[in-house]
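Structure, as structure tokens:
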Amino acid sequence: MDYSIIRSGRKSVALSIDKEGRLIVRAPFGFPEYRIREIVNEKADWINKHSSAAEIRAAKRNDRLSRPPEALPLFGELRAVSHEEPYGYIDGVIHIPGNMTLEELLPYLHRLYARIAKEYLVPRVWAAAKEMGFDISAVRINSAGTRWGSCSAKKSINLSQKLIVADTEAIDYVIVHELCHTVHLDHSADFWALVEQFVPDHKKCRDKLAEVQKMLSDFGME
């Protein structure tokens with residue numbers, strides 16, 4: 001079974017399947033390769049199951065990227081698109097150039113989603129902070145791929161433009177999550193207790209965000 005090994009200062013071995021279905025082994029420096037082979041063989045059933053699923057998703061993703069999109073993800077839905085000019089997000093409709101594959105459109109979509117995120121998320125954060133009594137210094141939108149949001153020690157909130165693919169419940173959870181970091185910069189029990197005051201069902205929202213991450217990958221927008 002083919003696999004790639006990434007060595008680091010970690011203390012244990014971890015297996016993962018990338019979006020193309022390839023096996024990645026993360027191992028400590030000096031961990032013997034024969035033991036890695038043994039672990040891979042022991043986990044063969046798990047590897048084959050998840051690798052096959054990832055390969056199917058990759059094939060669907062590559063097919064979607066090779067065609068003009070009939071719909072695009074936004075605010076928790078797959079929304080039909082229009083090819084009428086002017087292009088942009090107008091009155092709840094996504095207007096995009098026609099006769100272009102999704103892959104060709106990705107640079108344009110990244111700019112469009114960044115613009116929608118600034119118009120929608122920034123005032124939403126300020127309004128939530130005022131309503132819930134949090135003191136913040138700034139709100140910024142970025143293109144982070146691995147974090148939905150962050151909060152600095154100076155109480156500046158940063159949100160990923162990709163968050164607008166999520167529904168409003170999940171978006172509001174991320175906003176609350178970062179606002180609570182203005183009080184507790186860590187993920188301590190006190191932090192989660194504060195989050196729960198505003199979002200009692202925050203685990204469901206985290207599950208939604210995991211699905212959004214898969215959706216972004218399926219559309220090449222991760």
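Residue numbers start at 1 in each chain; chains themselves are named A, B, ... in the order of the structure tokens; ligands are numbered from 1 in the order shown.
Using only C-alpha atoms, the residues found no farther than 10 Å from range 134-139 of chain A, other than those of its own chain fewer than 5 positions away, are Lys118, Leu121, Val122, Pro123, Arg124, Val125, Trp126, Ala128, Ala129, Cys151, Ser152, Lys154, Lys155, Ser156, Ile157, Asn158, Leu159, Val176, Leu179, Cys180, His181, Thr182 and Val183 of chain A.
When DSSP is run on the backbone, the residues of range 118-209 of chain A that fall into strand (DSSP E) are Ala138, Val139, Arg140, Ile141, Asn142, Gly149, Ser150, Cys151, Ser156, Ile157, Asn158, Leu159 and Ser160 of chain A.
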Residue with the minimum atom-to-atom distance to Ile56 in chain A, picked from A:Glu38, A:Asp172, A:Asp218, A:Asp2 with only C-alpha atoms counted, is A:Asp218
Would you mind listing what lies within 12 Å of range 202-206 of chain A as a list in words, with only C-alpha atoms counted and same-chain residues fewer than 4 positions away left out?
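Within the cut-off, the hits are Gly76, Trp148, Ala166, Asp167, Thr168, Glu169, Ala170, Ile171, Asp172, Tyr173, Val174, Ile175, Val176, His177, Trp192, Ala193, Leu194, Val195, Glu196, Gln197, Phe198, Ala210, Glu211, Val212 and Gln213 of chain A.
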Among the residues A:Leu65, A:Val25, A:Arg37, A:Ser16, the one that comes closest to Lys49 in chain A [using only C-alpha atoms]
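Answer, going by the shortest atom-to-atom distance: A:Ser16.
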Show me, as a list of chain:residue names, the residues that have an atom within 8 Å of His110 in chain A when counting only C-alpha atoms, minus same-chain residues fewer than 4 positions from it.
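Answer for this query is A:Leu106, A:Ala114, A:Met221.
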What are the closest atom pairs, with distances in Å to one decimal, for all residues of range 35-90 of chain A lying within 9 Å of range 3-14 of chain A? Consider only C-alpha atoms, order rows by chain and residue number, and present the result as JSON lines.
```
{"residue": "A:Ile36", "atom": "CA", "partner": "A:Val13", "partner_atom": "CA", "distance": 7.9}
{"residue": "A:Ile39", "atom": "CA", "partner": "A:Val13", "partner_atom": "CA", "distance": 8.7}
{"residue": "A:Val40", "atom": "CA", "partner": "A:Tyr3", "partner_atom": "CA", "distance": 8.9}
```
Among range 14-220 of chain A, which ones does DSSP place in alpha helix (DSSP H), written as a ChimeraX atom specification?
/A:33-42,44-65,102-132,168-180,189-198,202-218
Find the residues near Ala54 in chain A: any atom within 12 Å, counting only C-alpha atoms, skip ones fewer than 2 places away on the same chain, and give them as JSON, numbers by chain.
{"A": [16, 17, 18, 19, 20, 21, 22, 23, 47, 48, 49, 50, 51, 52, 56, 57, 58, 59, 60, 61, 214, 217, 218]}
Residues near Glu222 in chain A, anyone? I mean within 9 Å using only C-alpha atoms, not counting same-chain ones fewer than 6 positions away, as JSON, numbers by chain.
{"A": [145, 146, 162, 213, 214, 215, 216]}
